[in-house]
$ cat start.pdb   # PDB, C-alpha atoms and all ligand atoms
MODEL        1
ATOM      1  CA  LEU A1133      -5.749  23.095  -2.974  1.00  0.00           C
ATOM      2  CA  PHE A1134      -6.755  21.029   0.050  1.00  0.00           C
ATOM      3  CA  ALA A1135      -7.892  23.833   2.337  1.00  0.00           C
ATOM      4  CA  GLY A1136      -7.492  23.062   6.007  1.00  0.00           C
ATOM      5  CA  GLU A1137      -5.434  20.679   8.056  1.00  0.00           C
ATOM      6  CA  THR A1138      -3.809  17.543   6.737  1.00  0.00           C
ATOM      7  CA  GLU A1139      -3.338  14.892   9.326  1.00  0.00           C
ATOM      8  CA  PHE A1140      -3.302  11.210  10.108  1.00  0.00           C
ATOM      9  CA  VAL A1141      -6.728  10.197  11.398  1.00  0.00           C
ATOM     10  CA  LYS A1142      -6.547   6.497  12.162  1.00  0.00           C
ATOM     11  CA  GLY A1143      -5.635   3.021  11.039  1.00  0.00           C
ATOM     12  CA  VAL A1144      -8.586   0.763  10.410  1.00  0.00           C
ATOM     13  CA  VAL A1145      -8.642  -3.039  10.583  1.00  0.00           C
ATOM     14  CA  ALA A1146     -12.371  -3.687  10.145  1.00  0.00           C
ATOM     15  CA  MET A1147     -15.277  -1.998   8.396  1.00  0.00           C
ATOM     16  CA  SER A1148     -16.718  -1.093  11.792  1.00  0.00           C
ATOM     17  CA  GLY A1149     -13.667   1.075  12.417  1.00  0.00           C
ATOM     18  CA  LEU A1150     -14.107   3.364   9.412  1.00  0.00           C
ATOM     19  CA  PRO A1151     -14.515   7.041  10.278  1.00  0.00           C
ATOM     20  CA  PRO A1152     -17.952   8.607   9.681  1.00  0.00           C
ATOM     21  CA  ALA A1153     -18.716   8.886   5.954  1.00  0.00           C
ATOM     22  CA  ASP A1154     -19.033  12.655   6.198  1.00  0.00           C
ATOM     23  CA  ARG A1155     -16.851  13.678   3.241  1.00  0.00           C
ATOM     24  CA  MET A1156     -15.681  12.223  -0.029  1.00  0.00           C
ATOM     25  CA  GLU A1157     -12.594  10.065  -0.184  1.00  0.00           C
ATOM     26  CA  VAL A1158     -10.163   8.561  -2.640  1.00  0.00           C
ATOM     27  CA  CYS A1159      -7.975   5.557  -1.950  1.00  0.00           C
ATOM     28  CA  PHE A1160      -4.505   4.520  -3.028  1.00  0.00           C
ATOM     29  CA  ALA A1161      -3.504   0.937  -3.704  1.00  0.00           C
ATOM     30  CA  GLY A1162      -0.208  -0.471  -4.859  1.00  0.00           C
ATOM     31  CA  ARG A1163       2.341  -3.163  -4.250  1.00  0.00           C
ATOM     32  CA  SER A1164       4.672  -2.514  -1.362  1.00  0.00           C
ATOM     33  CA  ASN A1165       7.536  -0.189  -2.235  1.00  0.00           C
ATOM     34  CA  VAL A1166       5.732   1.298  -5.250  1.00  0.00           C
ATOM     35  CA  GLY A1167       6.051   4.774  -3.734  1.00  0.00           C
ATOM     36  CA  LYS A1168       2.610   5.106  -2.152  1.00  0.00           C
ATOM     37  CA  SER A1169       3.710   6.855   1.036  1.00  0.00           C
ATOM     38  CA  SER A1170       5.909   9.215  -0.942  1.00  0.00           C
ATOM     39  CA  LEU A1171       2.995  10.078  -3.215  1.00  0.00           C
ATOM     40  CA  ILE A1172       0.618  10.786  -0.327  1.00  0.00           C
ATOM     41  CA  ASN A1173       3.277  12.944   1.280  1.00  0.00           C
ATOM     42  CA  ALA A1174       3.818  14.821  -1.982  1.00  0.00           C
ATOM     43  CA  LEU A1175       0.072  15.325  -2.491  1.00  0.00           C
ATOM     44  CA  THR A1176      -0.415  16.745   0.970  1.00  0.00           C
ATOM     45  CA  GLY A1177       2.881  18.599   1.016  1.00  0.00           C
ATOM     46  CA  ARG A1178       3.714  16.977   4.333  1.00  0.00           C
ATOM     47  CA  LYS A1179       6.884  14.962   4.412  1.00  0.00           C
ATOM     48  CA  GLY A1180       6.692  12.050   6.805  1.00  0.00           C
ATOM     49  CA  LEU A1181       2.917  12.093   7.084  1.00  0.00           C
ATOM     50  CA  ALA A1182       2.325   8.712   5.499  1.00  0.00           C
ATOM     51  CA  ARG A1183       5.349   7.104   7.078  1.00  0.00           C
ATOM     52  CA  ALA A1184       3.111   5.801   9.851  1.00  0.00           C
ATOM     53  CA  SER A1185       1.572   3.405   7.395  1.00  0.00           C
ATOM     54  CA  ASN A1186       4.926   1.833   6.638  1.00  0.00           C
ATOM     55  CA  THR A1187       5.854   1.009  10.196  1.00  0.00           C
ATOM     56  CA  PRO A1188       5.480  -2.639  11.207  1.00  0.00           C
ATOM     57  CA  GLY A1189       1.977  -3.422  12.395  1.00  0.00           C
ATOM     58  CA  ARG A1190       0.495  -0.607  10.368  1.00  0.00           C
ATOM     59  CA  THR A1191       1.001  -2.257   7.003  1.00  0.00           C
ATOM     60  CA  GLN A1192      -2.204  -4.306   7.153  1.00  0.00           C
ATOM     61  CA  GLU A1193      -4.365  -1.354   8.113  1.00  0.00           C
ATOM     62  CA  ILE A1194      -6.399   1.018   6.022  1.00  0.00           C
ATOM     63  CA  ASN A1195      -4.879   4.350   6.971  1.00  0.00           C
ATOM     64  CA  TYR A1196      -6.977   7.504   6.879  1.00  0.00           C
ATOM     65  CA  PHE A1197      -5.592  10.987   6.315  1.00  0.00           C
ATOM     66  CA  THR A1198      -7.519  14.209   6.050  1.00  0.00           C
ATOM     67  CA  ALA A1199      -6.625  16.330   3.050  1.00  0.00           C
ATOM     68  CA  GLY A1200      -8.144  19.620   4.061  1.00  0.00           C
ATOM     69  CA  ASP A1201     -11.646  19.673   5.446  1.00  0.00           C
ATOM     70  CA  ASP A1202     -13.403  18.095   2.481  1.00  0.00           C
ATOM     71  CA  HIS A1203     -11.460  14.949   1.601  1.00  0.00           C
ATOM     72  CA  TYR A1204     -10.043  11.823   3.065  1.00  0.00           C
ATOM     73  CA  LEU A1205      -7.020  10.260   1.441  1.00  0.00           C
ATOM     74  CA  VAL A1206      -7.076   6.556   2.181  1.00  0.00           C
ATOM     75  CA  ASP A1207      -3.900   4.512   2.136  1.00  0.00           C
ATOM     76  CA  LEU A1208      -4.715   0.851   1.481  1.00  0.00           C
ATOM     77  CA  PRO A1209      -2.335  -1.855   2.659  1.00  0.00           C
ATOM     78  CA  GLY A1210       0.478  -2.537   0.195  1.00  0.00           C
ATOM     79  CA  TYR A1211       0.108  -5.881  -1.527  1.00  0.00           C
ATOM     80  CA  GLY A1212       2.619  -8.322  -2.899  1.00  0.00           C
ATOM     81  CA  TYR A1213       4.474  -9.188   0.270  1.00  0.00           C
ATOM     82  CA  ALA A1214       6.207 -12.386  -0.766  1.00  0.00           C
ATOM     83  CA  ASN A1215       6.145 -14.014   2.643  1.00  0.00           C
ATOM     84  CA  ALA A1216       2.973 -12.790   4.309  1.00  0.00           C
ATOM     85  CA  PRO A1217       1.116 -15.755   5.845  1.00  0.00           C
ATOM     86  CA  LEU A1218      -1.962 -16.825   3.905  1.00  0.00           C
ATOM     87  CA  PRO A1219      -4.492 -16.124   6.694  1.00  0.00           C
ATOM     88  CA  VAL A1220      -3.168 -12.556   6.906  1.00  0.00           C
ATOM     89  CA  VAL A1221      -3.426 -12.099   3.156  1.00  0.00           C
ATOM     90  CA  GLU A1222      -6.944 -13.527   3.136  1.00  0.00           C
ATOM     91  CA  LYS A1223      -8.041 -11.338   6.013  1.00  0.00           C
ATOM     92  CA  TRP A1224      -6.978  -8.138   4.300  1.00  0.00           C
ATOM     93  CA  GLN A1225      -8.315  -9.205   0.940  1.00  0.00           C
ATOM     94  CA  ARG A1226     -11.678  -9.642   2.617  1.00  0.00           C
ATOM     95  CA  LEU A1227     -11.458  -6.217   4.238  1.00  0.00           C
ATOM     96  CA  LEU A1228     -10.327  -4.653   0.974  1.00  0.00           C
ATOM     97  CA  LYS A1229     -13.235  -6.180  -0.909  1.00  0.00           C
ATOM     98  CA  GLN A1230     -15.720  -4.977   1.692  1.00  0.00           C
ATOM     99  CA  TYR A1231     -14.192  -1.525   1.667  1.00  0.00           C
ATOM    100  CA  LEU A1232     -14.097  -1.164  -2.124  1.00  0.00           C
ATOM    101  CA  SER A1233     -17.678  -2.250  -2.621  1.00  0.00           C
ATOM    102  CA  GLY A1234     -19.214  -0.910   0.550  1.00  0.00           C
ATOM    103  CA  ARG A1235     -17.825   2.543   1.186  1.00  0.00           C
ATOM    104  CA  GLN A1236     -20.401   5.018  -0.066  1.00  0.00           C
ATOM    105  CA  THR A1237     -18.213   8.090  -0.010  1.00  0.00           C
ATOM    106  CA  LEU A1238     -15.386   6.471  -1.999  1.00  0.00           C
ATOM    107  CA  ARG A1239     -15.113   8.319  -5.311  1.00  0.00           C
ATOM    108  CA  ARG A1240     -12.078   6.806  -6.967  1.00  0.00           C
ATOM    109  CA  ALA A1241      -9.377   4.227  -6.376  1.00  0.00           C
ATOM    110  CA  PHE A1242      -5.917   5.134  -7.600  1.00  0.00           C
ATOM    111  CA  VAL A1243      -3.785   2.131  -8.435  1.00  0.00           C
ATOM    112  CA  LEU A1244      -0.097   2.917  -8.260  1.00  0.00           C
ATOM    113  CA  ILE A1245       2.170   1.226 -10.748  1.00  0.00           C
ATOM    114  CA  ASP A1246       5.941   1.586 -10.862  1.00  0.00           C
ATOM    115  CA  ALA A1247       6.711   3.347 -14.144  1.00  0.00           C
ATOM    116  CA  ARG A1248       9.790   1.168 -14.589  1.00  0.00           C
ATOM    117  CA  HIS A1249       7.838  -2.081 -14.440  1.00  0.00           C
ATOM    118  CA  GLY A1250       4.331  -1.486 -15.784  1.00  0.00           C
ATOM    119  CA  ILE A1251       1.439  -3.716 -14.761  1.00  0.00           C
ATOM    120  CA  LYS A1252       2.523  -7.057 -13.290  1.00  0.00           C
ATOM    121  CA  LYS A1253       0.688 -10.177 -12.207  1.00  0.00           C
ATOM    122  CA  VAL A1254       0.324  -8.956  -8.593  1.00  0.00           C
ATOM    123  CA  ASP A1255      -1.269  -5.771  -9.891  1.00  0.00           C
ATOM    124  CA  GLU A1256      -3.698  -7.714 -12.075  1.00  0.00           C
ATOM    125  CA  ASP A1257      -5.248  -9.294  -8.992  1.00  0.00           C
ATOM    126  CA  ILE A1258      -6.154  -5.908  -7.570  1.00  0.00           C
ATOM    127  CA  LEU A1259      -7.470  -4.698 -10.934  1.00  0.00           C
ATOM    128  CA  LYS A1260      -9.781  -7.714 -11.066  1.00  0.00           C
ATOM    129  CA  LEU A1261     -11.016  -6.949  -7.585  1.00  0.00           C
ATOM    130  CA  LEU A1262     -11.656  -3.361  -8.618  1.00  0.00           C
ATOM    131  CA  ASP A1263     -13.672  -4.502 -11.616  1.00  0.00           C
ATOM    132  CA  THR A1264     -16.111  -6.160  -9.229  1.00  0.00           C
ATOM    133  CA  SER A1265     -16.326  -3.159  -6.911  1.00  0.00           C
ATOM    134  CA  ALA A1266     -18.533  -0.138  -7.316  1.00  0.00           C
ATOM    135  CA  VAL A1267     -15.811   2.406  -7.952  1.00  0.00           C
ATOM    136  CA  THR A1268     -13.864   3.651 -10.975  1.00  0.00           C
ATOM    137  CA  PHE A1269     -10.130   3.188 -10.722  1.00  0.00           C
ATOM    138  CA  GLN A1270      -7.332   5.167 -12.270  1.00  0.00           C
ATOM    139  CA  CYS A1271      -3.719   4.210 -12.802  1.00  0.00           C
ATOM    140  CA  VAL A1272      -0.958   6.401 -11.452  1.00  0.00           C
ATOM    141  CA  LEU A1273       2.560   5.633 -12.605  1.00  0.00           C
ATOM    142  CA  THR A1274       5.139   6.359  -9.914  1.00  0.00           C
ATOM    143  CA  LYS A1275       8.873   7.132 -10.008  1.00  0.00           C
ATOM    144  CA  ALA A1276       8.639   8.583 -13.521  1.00  0.00           C
ATOM    145  CA  ASP A1277      12.021  10.249 -12.924  1.00  0.00           C
ATOM    146  CA  LYS A1278      13.590   6.785 -13.047  1.00  0.00           C
ATOM    147  CA  VAL A1279      12.406   6.181 -16.594  1.00  0.00           C
ATOM    148  CA  LYS A1280      14.058   7.886 -19.536  1.00  0.00           C
ATOM    149  CA  ALA A1281      11.711  10.041 -21.583  1.00  0.00           C
ATOM    150  CA  LYS A1282      12.251   7.857 -24.632  1.00  0.00           C
ATOM    151  CA  ASP A1283      11.140   4.731 -22.720  1.00  0.00           C
ATOM    152  CA  ARG A1284       7.982   6.203 -21.239  1.00  0.00           C
ATOM    153  CA  GLU A1285       5.779   5.643 -24.262  1.00  0.00           C
ATOM    154  CA  ALA A1286       6.426   1.896 -24.177  1.00  0.00           C
ATOM    155  CA  VAL A1287       5.377   1.665 -20.516  1.00  0.00           C
ATOM    156  CA  LEU A1288       2.299   3.785 -21.151  1.00  0.00           C
ATOM    157  CA  ALA A1289       1.378   1.520 -24.067  1.00  0.00           C
ATOM    158  CA  GLN A1290       1.724  -1.605 -21.912  1.00  0.00           C
ATOM    159  CA  VAL A1291      -0.414  -0.074 -19.172  1.00  0.00           C
ATOM    160  CA  ARG A1292      -3.027   1.138 -21.646  1.00  0.00           C
ATOM    161  CA  GLN A1293      -3.189  -2.316 -23.187  1.00  0.00           C
ATOM    162  CA  ALA A1294      -3.634  -3.972 -19.778  1.00  0.00           C
ATOM    163  CA  LEU A1295      -6.283  -1.446 -18.733  1.00  0.00           C
ATOM    164  CA  SER A1296      -8.298  -1.988 -21.895  1.00  0.00           C
ATOM    165  CA  LYS A1297      -9.379  -5.329 -20.438  1.00  0.00           C
ATOM    166  CA  HIS A1298     -10.794  -3.725 -17.313  1.00  0.00           C
ATOM    167  CA  PRO A1299     -14.229  -2.157 -17.556  1.00  0.00           C
ATOM    168  CA  ALA A1300     -13.814  -0.168 -14.338  1.00  0.00           C
ATOM    169  CA  ALA A1301     -10.618   1.559 -15.499  1.00  0.00           C
ATOM    170  CA  PHE A1302     -10.603   5.295 -16.105  1.00  0.00           C
ATOM    171  CA  PRO A1303      -8.705   5.835 -19.366  1.00  0.00           C
ATOM    172  CA  GLU A1304      -6.391   8.674 -18.329  1.00  0.00           C
ATOM    173  CA  ILE A1305      -3.093   7.528 -16.835  1.00  0.00           C
ATOM    174  CA  VAL A1306      -1.232   9.945 -14.569  1.00  0.00           C
ATOM    175  CA  LEU A1307       2.554   9.924 -14.716  1.00  0.00           C
ATOM    176  CA  THR A1308       4.084  11.100 -11.440  1.00  0.00           C
ATOM    177  CA  SER A1309       7.341  11.587  -9.634  1.00  0.00           C
ATOM    178  CA  SER A1310       7.111  12.328  -5.933  1.00  0.00           C
ATOM    179  CA  GLU A1311      10.795  13.119  -6.044  1.00  0.00           C
ATOM    180  CA  LYS A1312      10.602  15.731  -8.808  1.00  0.00           C
ATOM    181  CA  GLY A1313       6.989  16.781  -8.374  1.00  0.00           C
ATOM    182  CA  ASP A1314       5.834  15.729 -11.841  1.00  0.00           C
ATOM    183  CA  GLY A1315       2.120  15.035 -12.064  1.00  0.00           C
ATOM    184  CA  ILE A1316       1.413  15.919  -8.430  1.00  0.00           C
ATOM    185  CA  GLU A1317      -0.552  19.042  -9.298  1.00  0.00           C
ATOM    186  CA  THR A1318      -2.471  17.077 -11.956  1.00  0.00           C
ATOM    187  CA  LEU A1319      -3.419  14.427  -9.433  1.00  0.00           C
ATOM    188  CA  ARG A1320      -4.490  17.033  -6.871  1.00  0.00           C
ATOM    189  CA  ALA A1321      -6.667  18.654  -9.511  1.00  0.00           C
ATOM    190  CA  ILE A1322      -8.269  15.310 -10.390  1.00  0.00           C
ATOM    191  CA  ILE A1323      -9.084  14.662  -6.728  1.00  0.00           C
ATOM    192  CA  ALA A1324     -10.439  18.177  -6.304  1.00  0.00           C
ATOM    193  CA  THR A1325     -12.870  17.774  -9.207  1.00  0.00           C
ATOM    194  CA  LEU A1326     -14.409  14.552  -7.831  1.00  0.00           C
ATOM    195  CA  GLU A1327     -17.670  15.205  -6.022  1.00  0.00           C
TER     196      GLU A1327
HETATM  197  P1  LIG A1401       5.502   2.457  -0.343  1.00  0.00           P
HETATM  198  O1  LIG A1401       5.990   1.194   0.289  1.00  0.00           O
HETATM  199  O2  LIG A1401       4.667   2.188  -1.526  1.00  0.00           O
HETATM  200  O3  LIG A1401       4.847   3.399   0.627  1.00  0.00           O
HETATM  201  O4  LIG A1401       6.799   3.183  -0.942  1.00  0.00           O
HETATM  202  P2  LIG A1401       7.654   4.434  -0.435  1.00  0.00           P
HETATM  203  O5  LIG A1401       6.918   5.705  -0.639  1.00  0.00           O
HETATM  204  O6  LIG A1401       8.127   4.154   0.939  1.00  0.00           O
HETATM  205  O7  LIG A1401       8.845   4.418  -1.473  1.00  0.00           O
HETATM  206  C1  LIG A1401       9.644   3.272  -1.678  1.00  0.00           C
HETATM  207  C2  LIG A1401      11.013   3.702  -2.168  1.00  0.00           C
HETATM  208  O8  LIG A1401      10.896   4.328  -3.436  1.00  0.00           O
HETATM  209  C3  LIG A1401      11.692   4.700  -1.259  1.00  0.00           C
HETATM  210  O9  LIG A1401      13.063   4.411  -1.222  1.00  0.00           O
HETATM  211  C4  LIG A1401      11.431   6.036  -1.933  1.00  0.00           C
HETATM  212  O10 LIG A1401      12.417   6.994  -1.673  1.00  0.00           O
HETATM  213  C5  LIG A1401      11.433   5.643  -3.402  1.00  0.00           C
HETATM  214  N1  LIG A1401      10.580   6.545  -4.194  1.00  0.00           N
HETATM  215  C6  LIG A1401       9.278   6.836  -3.960  1.00  0.00           C
HETATM  216  N2  LIG A1401       8.803   7.706  -4.885  1.00  0.00           N
HETATM  217  C7  LIG A1401       9.828   7.988  -5.722  1.00  0.00           C
HETATM  218  C8  LIG A1401       9.975   8.830  -6.880  1.00  0.00           C
HETATM  219  O11 LIG A1401       9.045   9.511  -7.346  1.00  0.00           O
HETATM  220  N3  LIG A1401      11.187   8.825  -7.474  1.00  0.00           N
HETATM  221  C9  LIG A1401      12.227   8.096  -7.015  1.00  0.00           C
HETATM  222  N4  LIG A1401      13.383   8.147  -7.701  1.00  0.00           N
HETATM  223  N5  LIG A1401      12.138   7.304  -5.930  1.00  0.00           N
HETATM  224  C10 LIG A1401      10.964   7.243  -5.276  1.00  0.00           C
ENDMDL
END

$ encode --input "start.pdb" --output "structure tokens"
Amino acid sequence: LFAGETEFVKGVVAMSGLPPADRMEVCFAGRSNVGKSSLINALTGRKGLARASNTPGRTQEINYFTAGDDHYLVDLPGYGYANAPLPVVEKWQRLLKQYLSGRQTLRRAFVLIDARHGIKKVDEDILKLLDTSAVTFQCVLTKADKVKAKDREAVLAQVRQALSKHPAAFPEIVLTSSEKGDGIETLRAIIATLE
């Protein structure tokens, strides 16, 4: 689906470091440990690709990957680190805000939510930020394999309810498992249809 090479491009710490806006991009946000790296790896079919973003020092960067020749996949810093110092948190919130409202080629923000937990307070902060940015966001539930089929509807209902308060939310929720492959093809297809 993503024709061409998939590779790590660079980690960015300031707007001035963004690669040229020469193709469309989608970004991925989520609290740390939500399964963001695993999802990017599953989407690109390259195990270990997004591991770079989880190594110390890389976690506060916006990490760019090419997905074929026509897309960038953008890995935003994981949020919700309990003990990150306030100046660090503030610095990346500022960068995130600038990125989400100022990146012209950004077509959609995917917000990853652990399917076991639904939308939590830490997630709400990012949803509020997204409401003020120029881009539509879409929820992706991760680790669906860890939730029994009979419990999924309750999580989906909670997420739907939370999203109903956010004008920038795209209504369709994508249920995924990077482990089992559920929803990966759906998500690829969604990205491919964005122009
Ligand atoms: P990140 O911090 O958001 O990049 O999270 P990772 O991708 O590193 O994943 C965090 C943990 O969740 C790891 O132990 C993964 O193996 C696990 N994980 C990620 N995706 C899935 C999934 O779809 N199913 C299951 N069962 N575990 C997953």

$ resolve_selection --input "start.pdb" --expression "the PyMOL selection byres (((chain A and resi 1249) around 12) and not hetatm)" --output "PyMOL selection string"
chain A and resi 1163+1166+1244-1248+1250-1255+1273-1276+1278-1279+1283-1284+1286-1288+1290-1291

$ residues_near_ligand --input "start.pdb" --ligand "ligand LIG 1401 (chain A)" --cutoff "10 Å" --atoms "only C-alpha atoms and all ligand atoms" --output "PyMOL selection string"
chain A and resi 1160-1174+1180+1182-1187+1191+1207-1211+1244-1247+1273-1279+1307-1314

$ residues_around --input "start.pdb" --residues "A:Arg1155" --least-positions-apart "4" --cutoff "8 Å" --atoms "only C-alpha atoms" --output "VMD selection string"
chain A and resid 1202 to 1204 1237

$ write_last_selection --input "start.pdb" --atoms "C-alpha atoms" --output "PDB file, in the coordinates of the input"
ATOM      1  CA  ASP A1202     -13.403  18.095   2.481  1.00  0.00           C
ATOM      2  CA  HIS A1203     -11.460  14.949   1.601  1.00  0.00           C
ATOM      3  CA  TYR A1204     -10.043  11.823   3.065  1.00  0.00           C
ATOM      4  CA  THR A1237     -18.213   8.090  -0.010  1.00  0.00           C
TER       5      THR A1237
END

$ resolve_selection --input "start.pdb" --expression "the PyMOL selection byres (((chain A and resi 1242) around 9) and not hetatm)" --output "NGL selection string"
:A and (1158-1162 or 1240-1241 or 1243-1244 or 1268-1272)

$ atom_distance --input "start.pdb" --atom1 "atom CA of A:Lys1260" --atom2 "atom CA of A:Leu1218"
19.2 Å

$ resolve_selection --input "start.pdb" --expression "the PyMOL selection byres (((chain A and resi 1259) around 9) and not hetatm)" --output "ChimeraX atom specification"
/A:1243,1255-1258,1260-1264,1269,1295,1298,1300-1301

$ residues_around --input "start.pdb" --residues "A:Tyr1231" --least-positions-apart "6" --cutoff "10 Å" --atoms "all atoms listed in the file" --output "ChimeraX atom specification"
/A:1146-1147,1150,1194,1208,1225,1238,1265

$ atom_distance --input "start.pdb" --atom1 "atom CA of A:Lys1142" --atom2 "atom CA of A:Lys1223"
18.9 Å
